[in-house]
file upload38.cif (mmCIF, C-alpha atoms)
data_structure
#
loop_
_atom_site.label_atom_id
_atom_site.label_comp_id
_atom_site.auth_asym_id
_atom_site.auth_seq_id
_atom_site.Cartn_x
_atom_site.Cartn_y
_atom_site.Cartn_z
CA MET A 1 157.05 -194.95 -73.59
CA GLU A 2 158.64 -192.72 -76.17
CA TYR A 3 155.23 -191.32 -77.07
CA ILE A 4 154.37 -190.64 -73.44
CA ILE A 5 157.57 -188.64 -73.12
CA ILE A 6 156.66 -186.61 -76.20
CA ILE A 7 153.21 -185.90 -74.77
CA ILE A 8 154.42 -184.84 -71.31
CA ALA A 9 157.24 -182.78 -72.78
CA ALA A 10 154.92 -180.94 -75.15
CA ILE A 11 152.20 -180.23 -72.61
CA PHE A 12 154.19 -179.33 -69.51
CA VAL A 13 157.92 -178.96 -70.02
CA ASN A 14 158.06 -177.21 -73.39
CA ASN A 15 154.59 -175.74 -73.29
CA ILE A 16 154.02 -174.24 -76.70
CA VAL A 17 152.74 -170.90 -75.41
CA LEU A 18 154.48 -170.38 -72.11
CA ALA A 19 157.91 -171.79 -72.92
CA GLN A 20 158.20 -171.57 -76.70
CA PHE A 21 156.20 -168.39 -77.34
CA LEU A 22 154.20 -169.74 -80.24
CA GLY A 23 150.59 -168.63 -80.57
CA ILE A 24 150.95 -165.59 -78.33
CA CYS A 25 148.50 -163.53 -80.43
CA PRO A 26 145.43 -165.72 -79.76
CA PHE A 27 146.73 -166.35 -76.24
CA LEU A 28 146.50 -162.64 -75.43
CA GLY A 29 143.71 -161.83 -77.89
CA VAL A 30 140.90 -164.30 -77.26
CA SER A 31 141.47 -165.09 -73.61
CA SER A 32 139.12 -162.58 -72.00
CA LYS A 33 136.47 -165.28 -71.40
CA VAL A 34 136.84 -168.95 -70.59
CA SER A 35 134.13 -169.91 -73.11
CA THR A 36 135.86 -168.22 -76.07
CA SER A 37 139.20 -169.69 -75.10
CA VAL A 38 137.67 -173.18 -75.06
CA GLY A 39 136.31 -172.56 -78.57
CA MET A 40 139.70 -171.35 -79.76
CA SER A 41 141.42 -174.40 -78.26
CA GLY A 42 139.00 -176.68 -80.08
CA ALA A 43 139.67 -174.97 -83.39
CA VAL A 44 143.43 -175.13 -82.83
CA LEU A 45 143.31 -178.85 -81.94
CA PHE A 46 141.38 -179.54 -85.12
CA VAL A 47 143.44 -177.46 -87.54
CA MET A 48 146.83 -178.17 -85.99
CA THR A 49 146.38 -181.94 -86.25
CA ILE A 50 145.15 -181.89 -89.85
CA ALA A 51 147.74 -179.30 -90.90
CA THR A 52 150.59 -181.32 -89.39
CA ILE A 53 149.45 -184.50 -91.17
CA ALA A 54 149.11 -182.68 -94.50
CA SER A 55 152.41 -180.83 -94.27
CA TYR A 56 154.26 -183.92 -93.03
CA LEU A 57 153.08 -186.00 -95.99
CA LEU A 58 153.77 -183.18 -98.42
CA HIS A 59 157.26 -182.71 -97.07
CA GLN A 60 158.09 -186.41 -96.96
CA TYR A 61 156.71 -187.46 -100.33
CA ILE A 62 156.93 -184.38 -102.54
CA LEU A 63 159.41 -181.79 -101.29
CA ILE A 64 162.22 -184.13 -100.20
CA PRO A 65 162.21 -186.42 -103.28
CA LEU A 66 162.25 -183.36 -105.54
CA GLY A 67 164.94 -181.61 -103.50
CA LEU A 68 162.71 -178.63 -102.84
CA ASP A 69 163.24 -178.50 -99.10
CA TYR A 70 163.86 -174.77 -99.19
CA LEU A 71 160.26 -174.15 -100.34
CA ARG A 72 159.07 -175.53 -96.98
CA THR A 73 157.85 -172.22 -95.55
CA ILE A 74 155.86 -171.20 -98.61
CA THR A 75 154.21 -174.60 -99.12
CA PHE A 76 153.34 -175.07 -95.47
CA ILE A 77 151.68 -171.70 -95.08
CA LEU A 78 149.72 -172.26 -98.30
CA VAL A 79 148.63 -175.70 -97.13
CA ILE A 80 147.49 -174.26 -93.81
CA ALA A 81 145.61 -171.36 -95.42
CA ALA A 82 143.89 -173.71 -97.87
CA LEU A 83 143.11 -176.23 -95.13
CA VAL A 84 141.50 -173.62 -92.93
CA GLN A 85 139.26 -172.54 -95.80
CA MET A 86 138.39 -176.16 -96.58
CA VAL A 87 137.69 -177.08 -92.97
CA GLU A 88 135.42 -174.07 -92.74
CA ILE A 89 133.41 -175.08 -95.82
CA ILE A 90 133.16 -178.75 -94.83
CA LEU A 91 132.19 -177.99 -91.22
CA LYS A 92 129.50 -175.60 -92.39
CA LYS A 93 127.95 -178.37 -94.48
CA VAL A 94 128.55 -181.42 -92.31
CA SER A 95 128.26 -180.23 -88.75
CA PRO A 96 126.52 -176.86 -88.28
CA PRO A 97 126.68 -176.97 -84.46
CA LEU A 98 130.45 -177.51 -84.52
CA TYR A 99 130.77 -174.78 -87.14
CA LYS A 100 128.80 -172.46 -84.91
CA ALA A 101 131.15 -173.16 -82.01
CA LEU A 102 134.43 -172.90 -83.94
CA GLY A 103 133.45 -170.77 -86.95
CA VAL A 104 134.65 -167.36 -85.83
CA PHE A 105 138.01 -168.72 -84.73
CA LEU A 106 138.90 -170.52 -87.93
CA PRO A 107 139.98 -167.50 -90.04
CA LEU A 108 142.13 -166.30 -87.14
CA ILE A 109 144.05 -169.53 -87.16
CA THR A 110 145.81 -168.92 -90.46
CA THR A 111 147.98 -166.33 -88.77
CA ASN A 112 148.35 -168.35 -85.58
CA CYS A 113 152.05 -169.05 -85.55
CA ALA A 114 151.53 -172.11 -83.34
CA VAL A 115 150.04 -174.03 -86.27
CA LEU A 116 152.86 -173.27 -88.69
CA GLY A 117 155.38 -173.64 -85.88
CA VAL A 118 154.22 -177.12 -84.92
CA ALA A 119 154.10 -178.20 -88.57
CA ILE A 120 157.74 -177.14 -88.97
CA LEU A 121 158.86 -178.59 -85.63
CA ALA A 122 157.11 -181.90 -86.37
CA ILE A 123 159.21 -182.60 -89.47
CA GLY A 124 162.34 -181.89 -87.46
CA LEU A 125 161.58 -184.48 -84.76
CA GLU A 126 164.12 -187.21 -84.14
CA ASP A 127 163.46 -190.19 -86.43
CA ALA A 128 160.12 -188.70 -87.34
CA SER A 129 157.19 -190.79 -88.43
CA LEU A 130 153.65 -189.83 -89.29
CA LEU A 131 152.31 -191.26 -86.02
CA LYS A 132 154.91 -189.35 -84.04
CA ALA A 133 154.05 -186.12 -85.85
CA VAL A 134 150.34 -186.58 -85.13
CA ILE A 135 150.95 -187.28 -81.45
CA PHE A 136 153.24 -184.27 -81.28
CA ALA A 137 150.56 -182.04 -82.83
CA ILE A 138 147.80 -183.29 -80.54
CA ALA A 139 149.98 -182.95 -77.45
CA ASN A 140 150.94 -179.42 -78.41
CA SER A 141 147.35 -178.38 -78.96
CA ILE A 142 146.46 -179.79 -75.54
CA GLY A 143 149.31 -177.71 -74.14
CA PHE A 144 147.90 -174.66 -75.93
CA ALA A 145 144.43 -175.38 -74.53
CA LEU A 146 145.75 -175.81 -71.00
CA ALA A 147 147.67 -172.54 -71.10
CA ILE A 148 144.90 -170.42 -72.65
CA ILE A 149 142.10 -171.80 -70.47
CA VAL A 150 144.02 -171.33 -67.23
CA PHE A 151 145.02 -167.84 -68.37
CA ALA A 152 141.42 -166.94 -69.30
CA SER A 153 140.09 -168.02 -65.93
CA ILE A 154 142.68 -165.89 -64.15
CA ARG A 155 141.77 -162.94 -66.37
CA GLU A 156 138.10 -163.32 -65.48
CA GLN A 157 139.05 -162.97 -61.82
CA LEU A 158 141.24 -159.96 -62.58
CA GLU A 159 138.22 -158.04 -63.88
CA LEU A 160 137.15 -157.57 -60.27
CA ALA A 161 140.58 -156.86 -58.83
CA ASN A 162 141.87 -153.47 -57.89
CA ILE A 163 144.77 -152.76 -60.25
CA PRO A 164 147.03 -149.67 -60.30
CA GLU A 165 146.15 -147.28 -63.14
CA GLY A 166 149.34 -147.78 -65.15
CA MET A 167 149.17 -151.57 -64.98
CA LYS A 168 145.65 -151.88 -66.35
CA GLY A 169 145.06 -153.75 -69.59
CA VAL A 170 148.06 -155.20 -71.38
CA PRO A 171 150.77 -154.92 -68.67
CA ILE A 172 148.85 -156.83 -66.02
CA ASN A 173 147.94 -159.56 -68.50
CA LEU A 174 151.58 -159.94 -69.51
CA LEU A 175 152.57 -160.09 -65.87
CA VAL A 176 150.02 -162.83 -65.19
CA ALA A 177 151.32 -164.72 -68.23
CA GLY A 178 154.82 -164.34 -66.81
CA LEU A 179 153.82 -165.82 -63.47
CA LEU A 180 152.02 -168.65 -65.24
CA SER A 181 155.13 -169.30 -67.27
CA LEU A 182 157.16 -169.28 -64.06
CA ALA A 183 154.83 -171.95 -62.68
CA PHE A 184 155.36 -174.09 -65.78
CA LEU A 185 159.11 -173.65 -65.40
CA GLY A 186 158.71 -175.88 -62.35
CA PHE A 187 158.10 -178.82 -64.67
CA THR A 188 161.64 -178.57 -66.05
CA GLY A 189 163.47 -181.81 -65.59
CA LEU A 190 160.28 -183.88 -65.50
CA VAL A 191 161.34 -185.86 -68.55
CA MET B 1 144.03 -142.49 -102.13
CA THR B 2 144.39 -138.92 -103.33
CA LYS B 3 144.64 -137.70 -99.77
CA LYS B 4 148.00 -136.08 -99.11
CA ILE B 5 149.92 -137.87 -96.39
CA ASP B 6 152.36 -136.03 -94.20
CA GLN B 7 155.40 -138.27 -94.60
CA LYS B 8 157.11 -137.19 -91.42
CA GLN B 9 154.01 -138.02 -89.41
CA ASN B 10 153.65 -141.27 -91.37
CA PHE B 11 157.19 -142.26 -90.43
CA LEU B 12 157.01 -141.25 -86.78
CA LYS B 13 153.69 -142.95 -86.04
CA GLY B 14 155.31 -146.37 -86.29
CA ILE B 15 157.93 -145.46 -83.74
CA ILE B 16 155.83 -143.89 -80.99
CA LYS B 17 152.09 -143.45 -81.45
CA ASP B 18 151.34 -146.79 -83.11
CA ASN B 19 154.43 -148.68 -81.98
CA PRO B 20 153.82 -152.23 -83.24
CA VAL B 21 154.93 -153.95 -80.06
CA PHE B 22 154.08 -151.68 -77.15
CA ILE B 23 150.86 -150.16 -78.47
CA MET B 24 149.41 -152.45 -81.13
CA LEU B 25 150.68 -155.77 -79.74
CA LEU B 26 151.54 -157.13 -83.17
CA GLY B 27 154.23 -159.70 -83.74
CA MET B 28 154.32 -160.80 -80.13
CA CYS B 29 155.73 -164.28 -80.78
CA PRO B 30 159.15 -163.19 -82.07
CA THR B 31 159.11 -160.27 -79.63
CA LEU B 32 158.98 -162.62 -76.67
CA GLY B 33 160.71 -165.59 -78.22
CA VAL B 34 164.03 -164.26 -79.46
CA THR B 35 164.81 -161.37 -77.14
CA SER B 36 167.02 -163.22 -74.67
CA SER B 37 169.84 -160.91 -75.79
CA ALA B 38 170.06 -157.50 -77.43
CA PHE B 39 171.85 -158.90 -80.47
CA ASN B 40 169.16 -161.49 -81.17
CA GLY B 41 166.47 -158.84 -80.82
CA LEU B 42 168.29 -156.56 -83.23
CA GLY B 43 168.82 -159.38 -85.74
CA MET B 44 165.18 -160.37 -85.67
CA GLY B 45 164.15 -156.73 -85.99
CA VAL B 46 166.32 -156.18 -89.07
CA ALA B 47 165.08 -159.40 -90.71
CA THR B 48 161.50 -158.32 -90.10
CA LEU B 49 162.16 -154.80 -91.40
CA PHE B 50 163.53 -156.25 -94.64
CA VAL B 51 160.52 -158.51 -95.20
CA LEU B 52 158.10 -155.74 -94.23
CA LEU B 53 159.74 -153.23 -96.57
CA MET B 54 159.88 -155.60 -99.54
CA SER B 55 156.33 -156.87 -99.09
CA ASN B 56 154.98 -153.33 -98.71
CA ILE B 57 156.76 -152.32 -101.93
CA VAL B 58 155.49 -155.29 -103.93
CA VAL B 59 151.95 -155.13 -102.54
CA SER B 60 151.77 -151.42 -103.21
CA LEU B 61 152.99 -151.90 -106.80
CA ILE B 62 150.62 -154.69 -107.75
CA LYS B 63 147.64 -153.71 -105.60
CA THR B 64 145.43 -152.99 -108.62
CA GLN B 65 146.22 -156.38 -110.19
CA ILE B 66 145.14 -158.50 -107.21
CA PRO B 67 141.44 -159.41 -107.12
CA SER B 68 140.19 -158.42 -103.68
CA LYS B 69 138.78 -161.89 -102.93
CA VAL B 70 142.15 -163.60 -103.05
CA ARG B 71 144.19 -160.73 -101.68
CA ILE B 72 145.09 -162.36 -98.36
CA PRO B 73 146.55 -165.56 -99.91
CA ALA B 74 148.34 -163.37 -102.47
CA PHE B 75 149.88 -161.25 -99.69
CA ILE B 76 150.91 -164.37 -97.80
CA ILE B 77 152.71 -165.78 -100.85
CA ILE B 78 154.54 -162.48 -101.40
CA ILE B 79 155.59 -162.39 -97.75
CA ALA B 80 156.59 -166.07 -97.72
CA SER B 81 158.85 -165.56 -100.75
CA PHE B 82 160.79 -162.82 -99.00
CA VAL B 83 160.97 -164.83 -95.80
CA THR B 84 162.51 -167.71 -97.75
CA ILE B 85 165.11 -165.30 -99.13
CA VAL B 86 165.93 -164.05 -95.63
CA GLU B 87 166.14 -167.63 -94.37
CA MET B 88 168.62 -168.64 -97.08
CA VAL B 89 170.73 -165.49 -96.74
CA LEU B 90 170.98 -165.84 -92.96
CA GLU B 91 171.84 -169.52 -93.19
CA ALA B 92 174.61 -168.78 -95.68
CA PHE B 93 176.15 -165.65 -94.20
CA ILE B 94 175.25 -165.39 -90.51
CA PRO B 95 174.88 -169.04 -89.39
CA PHE B 96 175.30 -168.00 -85.74
CA LEU B 97 172.19 -165.81 -85.85
CA TYR B 98 170.36 -168.43 -87.91
CA GLU B 99 170.90 -170.97 -85.13
CA GLN B 100 169.84 -168.52 -82.43
CA LEU B 101 166.62 -167.41 -84.10
CA GLY B 102 165.75 -170.94 -85.20
CA ILE B 103 162.07 -171.56 -85.78
CA PHE B 104 161.25 -167.86 -85.55
CA ILE B 105 162.74 -167.12 -88.98
CA PRO B 106 160.16 -169.11 -90.99
CA LEU B 107 157.56 -167.78 -88.58
CA ILE B 108 158.13 -164.22 -89.85
CA VAL B 109 155.52 -165.27 -92.43
CA VAL B 110 152.79 -165.26 -89.83
CA ASN B 111 153.98 -162.12 -88.06
CA CYS B 112 150.70 -160.20 -87.98
CA LEU B 113 152.61 -156.91 -88.23
CA ILE B 114 153.64 -157.64 -91.84
CA LEU B 115 150.30 -158.95 -93.06
CA GLY B 116 148.59 -156.16 -91.13
CA ARG B 117 150.57 -153.42 -92.87
CA ALA B 118 150.09 -155.05 -96.29
CA GLU B 119 146.35 -155.25 -95.73
CA SER B 120 145.68 -151.97 -93.96
CA PHE B 121 148.28 -149.69 -95.54
CA ALA B 122 150.19 -150.86 -98.61
CA SER B 123 147.10 -152.11 -100.44
CA LYS B 124 145.52 -148.66 -100.15
CA ASN B 125 148.42 -146.24 -100.54
CA ASN B 126 151.03 -145.34 -103.13
CA LEU B 127 154.56 -146.68 -103.31
CA TRP B 128 156.36 -143.84 -101.55
CA SER B 129 153.96 -143.73 -98.57
CA SER B 130 154.16 -147.50 -98.25
CA ILE B 131 157.95 -147.41 -98.12
CA VAL B 132 157.90 -144.71 -95.45
CA ASP B 133 155.26 -146.65 -93.51
CA ALA B 134 157.30 -149.84 -93.65
CA LEU B 135 160.45 -148.03 -92.50
CA GLY B 136 158.63 -146.37 -89.60
CA MET B 137 156.94 -149.54 -88.44
CA GLY B 138 160.05 -151.64 -88.98
CA ILE B 139 162.26 -149.26 -87.02
CA GLY B 140 159.65 -149.11 -84.26
CA PHE B 141 159.78 -152.90 -84.16
CA ILE B 142 163.60 -152.95 -84.10
CA ILE B 143 163.69 -150.43 -81.25
CA ALA B 144 161.16 -152.42 -79.24
CA LEU B 145 162.99 -155.72 -79.74
CA THR B 146 166.41 -154.28 -79.05
CA VAL B 147 165.27 -152.49 -75.90
CA LEU B 148 163.52 -155.61 -74.62
CA GLY B 149 166.52 -157.76 -75.54
CA ALA B 150 168.94 -155.34 -73.87
CA THR B 151 166.83 -155.16 -70.71
CA ARG B 152 166.69 -158.92 -70.43
CA GLU B 153 170.39 -159.29 -71.20
CA ILE B 154 171.44 -156.66 -68.67
CA LEU B 155 169.33 -158.16 -65.90
CA GLY B 156 169.74 -161.78 -66.89
CA SER B 157 173.38 -162.15 -67.89
CA GLY B 158 174.89 -158.88 -66.71
CA SER B 159 176.08 -157.97 -70.19
CA ILE B 160 175.03 -155.86 -73.14
CA PHE B 161 175.66 -156.87 -76.76
CA GLU B 162 177.75 -159.72 -75.31
CA MET B 163 180.02 -157.32 -73.39
CA LYS B 164 180.01 -158.37 -69.75
CA PHE B 165 180.07 -155.63 -67.13
CA VAL B 166 179.88 -157.80 -64.03
CA SER B 167 182.43 -160.33 -62.84
CA GLU B 168 182.15 -163.94 -64.06
CA ASP B 169 180.83 -165.38 -60.81
CA ALA B 170 178.37 -162.57 -60.01
CA ASN B 171 174.76 -163.53 -59.35
CA THR B 172 172.41 -162.20 -62.03
CA PHE B 173 168.64 -162.53 -62.43
CA ILE B 174 168.76 -165.65 -64.57
CA LEU B 175 164.97 -165.54 -64.55
CA PHE B 176 165.09 -162.76 -67.12
CA ILE B 177 166.74 -164.82 -69.83
CA LEU B 178 164.30 -167.67 -69.17
CA PRO B 179 160.81 -167.60 -70.73
CA PRO B 180 158.94 -166.02 -67.77
CA GLY B 181 161.36 -163.09 -67.84
CA ALA B 182 160.18 -162.19 -71.34
CA PHE B 183 156.62 -161.66 -70.19
CA ILE B 184 157.60 -159.84 -67.03
CA ALA B 185 160.13 -157.53 -68.73
CA LEU B 186 157.67 -156.68 -71.51
CA ALA B 187 154.93 -155.98 -68.95
CA TYR B 188 157.03 -153.38 -67.13
CA LEU B 189 158.46 -151.92 -70.35
CA SER B 190 154.97 -151.34 -71.70
CA VAL B 191 153.98 -149.53 -68.52
CA LEU B 192 157.03 -147.34 -69.02
CA PHE B 193 156.28 -146.83 -72.71
CA ASN B 194 152.67 -145.84 -71.99
CA LYS B 195 153.95 -143.24 -69.55
CA ILE B 196 156.43 -141.82 -72.10
CA SER B 197 154.04 -141.79 -75.05
CA ILE B 198 151.28 -140.10 -73.04
CA LYS B 199 153.77 -137.38 -72.11
CA THR B 200 155.03 -136.81 -75.66
CA ILE B 201 151.55 -136.67 -77.18
CA SER B 202 150.02 -134.26 -74.68
#
call {"tool": "encode", "arguments": {"input": "upload38.cif", "output": "structure tokens"}}
result
Amino acid sequence: MEYIIIIIAAIFVNNIVLAQFLGICPFLGVSSKVSTSVGMSGAVLFVMTIATIASYLLHQYILIPLGLDYLRTITFILVIAALVQMVEIILKKVSPPLYKALGVFLPLITTNCAVLGVAILAIGLEDASLLKAVIFAIANSIGFALAIIVFASIREQLELANIPEGMKGVPINLLVAGLLSLAFLGFTGLV
Amino acid sequence: MTKKIDQKQNFLKGIIKDNPVFIMLLGMCPTLGVTSSAFNGLGMGVATLFVLLMSNIVVSLIKTQIPSKVRIPAFIIIIASFVTIVEMVLEAFIPFLYEQLGIFIPLIVVNCLILGRAESFASKNNLWSSIVDALGMGIGFIIALTVLGATREILGSGSIFEMKFVSEDANTFILFILPPGAFIALAYLSVLFNKISIKTIS
């Protein structure tokens, strides 16, 4: 039951993009087509889960015993950067089709604040355990996928719409994101 | 690198022409995430300016020592060190702001504005130009965050820098201090900014 609450809270109530503002750059940047946003979501799911496991273990078994908690930010970002490189190399060798689908998105993920954000949030969970951290990471990446895919499909429709000159481009996209966020606000109080 | 840079132009470009938030859309996460009040926006802006300035200085000084293949990880480590300093200083001296900004302080590391300036400016230009560039961009960022924070605070809580100007029981647009308000306020501010910057350039 506890895990179900974590999942629902992460996907709907505290949606990582629309309520917590993490990962806004890819959300606005690679959401012009549904297909690219699906690819990005896949890459995020992959990296976010692995990065959270790695940083959780590192924090629990190396940083805390040595009293180096304050080095959290530096170690986590290094772990994520190294992981992204490693995932890229391994995928290229092991699964070329998957690499082809996710390849271009992987380098972008290093500076995706959602990945670092979730890694940091996961170690701060109430009586955290590895399983809980993993579920938290997966749920958050599903939340990311939901937000970006819905947003991309709205943007595809907007291409055809008649928009006032001054609102074209960034402003209208932000406005759509705002309305989407307003819709997600309706989930408040669900858990 | 020998090209002479007009420092005044270099400084001003960060504030208007290439404003990091309104024009280049860099550092959007903290921009939207912490601007529920003008004070938070200002605090975040100053913290970012400090990290940006220090990382530009260091990157510019050691740019010839870093092999180009590992430059991005090297930049990230430099930035992360300064972010850790900011984190510790804020926690010790301004705990109130530390609580308010929360997760967004460690996330300054992945603010694309800072890495972007290190990569596209400081690693190619001399120390003095890099300092001016960092100040221009940083102040542009502070202005954007403070304006957005003030707009949301005025509409959402009827106050500015915590000074209330409406009566306690007045109805305000609470929407604007909630997450959707961030997107909506930024959307209309960027329309306004486009209008202003087109006028000043032409």
call {"tool": "resolve_selection", "arguments": {"input": "upload38.cif", "expression": "the PyMOL selection byres ((chain A) within 7 of (chain B))", "output": "JSON, numbers by chain"}}
result
{"A": [19, 20, 21, 22, 23, 24, 25, 73, 74, 111, 112, 113, 117, 166, 167, 171, 172, 174, 175, 177, 178, 179, 181, 182]}
call {"tool": "atom_distance", "arguments": {"input": "upload38.cif", "atom1": "atom CA of A:Leu131", "atom2": "atom CA of B:Glu99"}}
result
27.5 Å
call {"tool": "closest_residue", "arguments": {"input": "upload38.cif", "among": "B:Lys199, B:Arg117, B:Arg71, B:Arg152", "to": "B:Leu135", "atoms": "only C-alpha atoms"}}
result
B:Arg117
call {"tool": "closest_residue", "arguments": {"input": "upload38.cif", "among": "A:Leu125, A:Ala147, A:Leu28, A:Val17", "to": "A:Gly169", "atoms": "all atoms listed in the file"}}
result
A:Leu28
call {"tool": "resolve_selection", "arguments": {"input": "upload38.cif", "expression": "the PyMOL selection byres ((chain A and resi 48) around 9)", "output": "VMD selection string"}}
result
chain A and resid 43 to 47 49 to 53 80 114 to 116 118 to 119 137 to 138 140 to 141
call {"tool": "closest_residue", "arguments": {"input": "upload38.cif", "among": "B:Val21, B:Val132, B:Ile57, B:Ala144", "to": "B:Lys8", "atoms": "all atoms listed in the file"}}
result
B:Val132
call {"tool": "resolve_selection", "arguments": {"input": "upload38.cif", "expression": "the PyMOL selection byres ((chain A and resi 11) around 12)", "output": "VMD selection string"}}
result
chain A and resid 4 to 10 12 to 20 135 to 147 184 to 185 187 to 188 190 to 191
call {"tool": "closest_residue", "arguments": {"input": "upload38.cif", "among": "B:Asn125, B:Leu97, B:Ala150, B:Asp133", "to": "B:Thr64", "atoms": "all atoms listed in the file"}}
result
B:Asn125
call {"tool": "closest_residue", "arguments": {"input": "upload38.cif", "among": "B:Leu113, B:Ile198, B:Ala170, B:Ile139", "to": "B:Ser157", "atoms": "only C-alpha atoms"}}
result
B:Ala170
call {"tool": "closest_residue", "arguments": {"input": "upload38.cif", "among": "B:Leu101, B:Met24, B:Ile196, B:Leu127", "to": "B:Ser37", "atoms": "all atoms listed in the file"}}
result
B:Leu101
call {"tool": "atom_distance", "arguments": {"input": "upload38.cif", "atom1": "atom CA of B:Ala134", "atom2": "atom CA of B:Thr146"}}
result
17.8 Å
call {"tool": "atom_distance", "arguments": {"input": "upload38.cif", "atom1": "atom CA of B:Leu12", "atom2": "atom CA of B:Ile142"}}
result
13.7 Å
call {"tool": "build_atoms", "arguments": {"input": "upload38.cif", "residues": "stretch 159-174 of chain B", "atoms": "N, CA and C atoms", "output": "short mmCIF file (atom, residue, chain, number, x, y, z; two decimals), keeping the file's coordinate frame"}}
result
data_model
loop_
_atom_site.label_atom_id
_atom_site.label_comp_id
_atom_site.auth_asym_id
_atom_site.auth_seq_id
_atom_site.Cartn_x
_atom_site.Cartn_y
_atom_site.Cartn_z
N SER B 159 175.26 -158.41 -69.07
CA SER B 159 176.08 -157.97 -70.19
C SER B 159 175.19 -157.20 -71.16
N ILE B 160 175.82 -156.49 -72.09
CA ILE B 160 175.03 -155.86 -73.14
C ILE B 160 175.76 -156.03 -74.45
N PHE B 161 175.04 -156.49 -75.48
CA PHE B 161 175.66 -156.87 -76.76
C PHE B 161 176.88 -157.75 -76.52
N GLU B 162 176.72 -158.73 -75.63
CA GLU B 162 177.75 -159.72 -75.31
C GLU B 162 178.93 -159.17 -74.53
N MET B 163 178.91 -157.87 -74.18
CA MET B 163 180.02 -157.32 -73.39
C MET B 163 179.63 -157.38 -71.93
N LYS B 164 180.36 -158.19 -71.16
CA LYS B 164 180.01 -158.37 -69.75
C LYS B 164 180.48 -157.17 -68.94
N PHE B 165 179.63 -156.70 -68.00
CA PHE B 165 180.07 -155.63 -67.13
C PHE B 165 180.04 -156.04 -65.67
N VAL B 166 179.74 -157.32 -65.41
CA VAL B 166 179.88 -157.80 -64.03
C VAL B 166 180.90 -158.94 -64.05
N SER B 167 181.41 -159.28 -62.86
CA SER B 167 182.43 -160.33 -62.84
C SER B 167 181.80 -161.68 -63.17
N GLU B 168 182.63 -162.64 -63.59
CA GLU B 168 182.15 -163.94 -64.06
C GLU B 168 181.22 -164.63 -63.07
N ASP B 169 181.59 -164.59 -61.77
CA ASP B 169 180.83 -165.38 -60.81
C ASP B 169 179.74 -164.57 -60.10
N ALA B 170 179.41 -163.38 -60.65
CA ALA B 170 178.37 -162.57 -60.01
C ALA B 170 177.00 -163.22 -60.21
N ASN B 171 176.12 -163.02 -59.22
CA ASN B 171 174.76 -163.53 -59.35
C ASN B 171 173.92 -162.56 -60.18
N THR B 172 173.30 -163.05 -61.25
CA THR B 172 172.41 -162.20 -62.03
C THR B 172 171.00 -162.80 -61.97
N PHE B 173 170.02 -162.02 -62.40
CA PHE B 173 168.64 -162.53 -62.43
C PHE B 173 168.48 -163.46 -63.62
N ILE B 174 168.85 -164.72 -63.44
CA ILE B 174 168.76 -165.65 -64.57
C ILE B 174 167.34 -165.76 -65.08
#
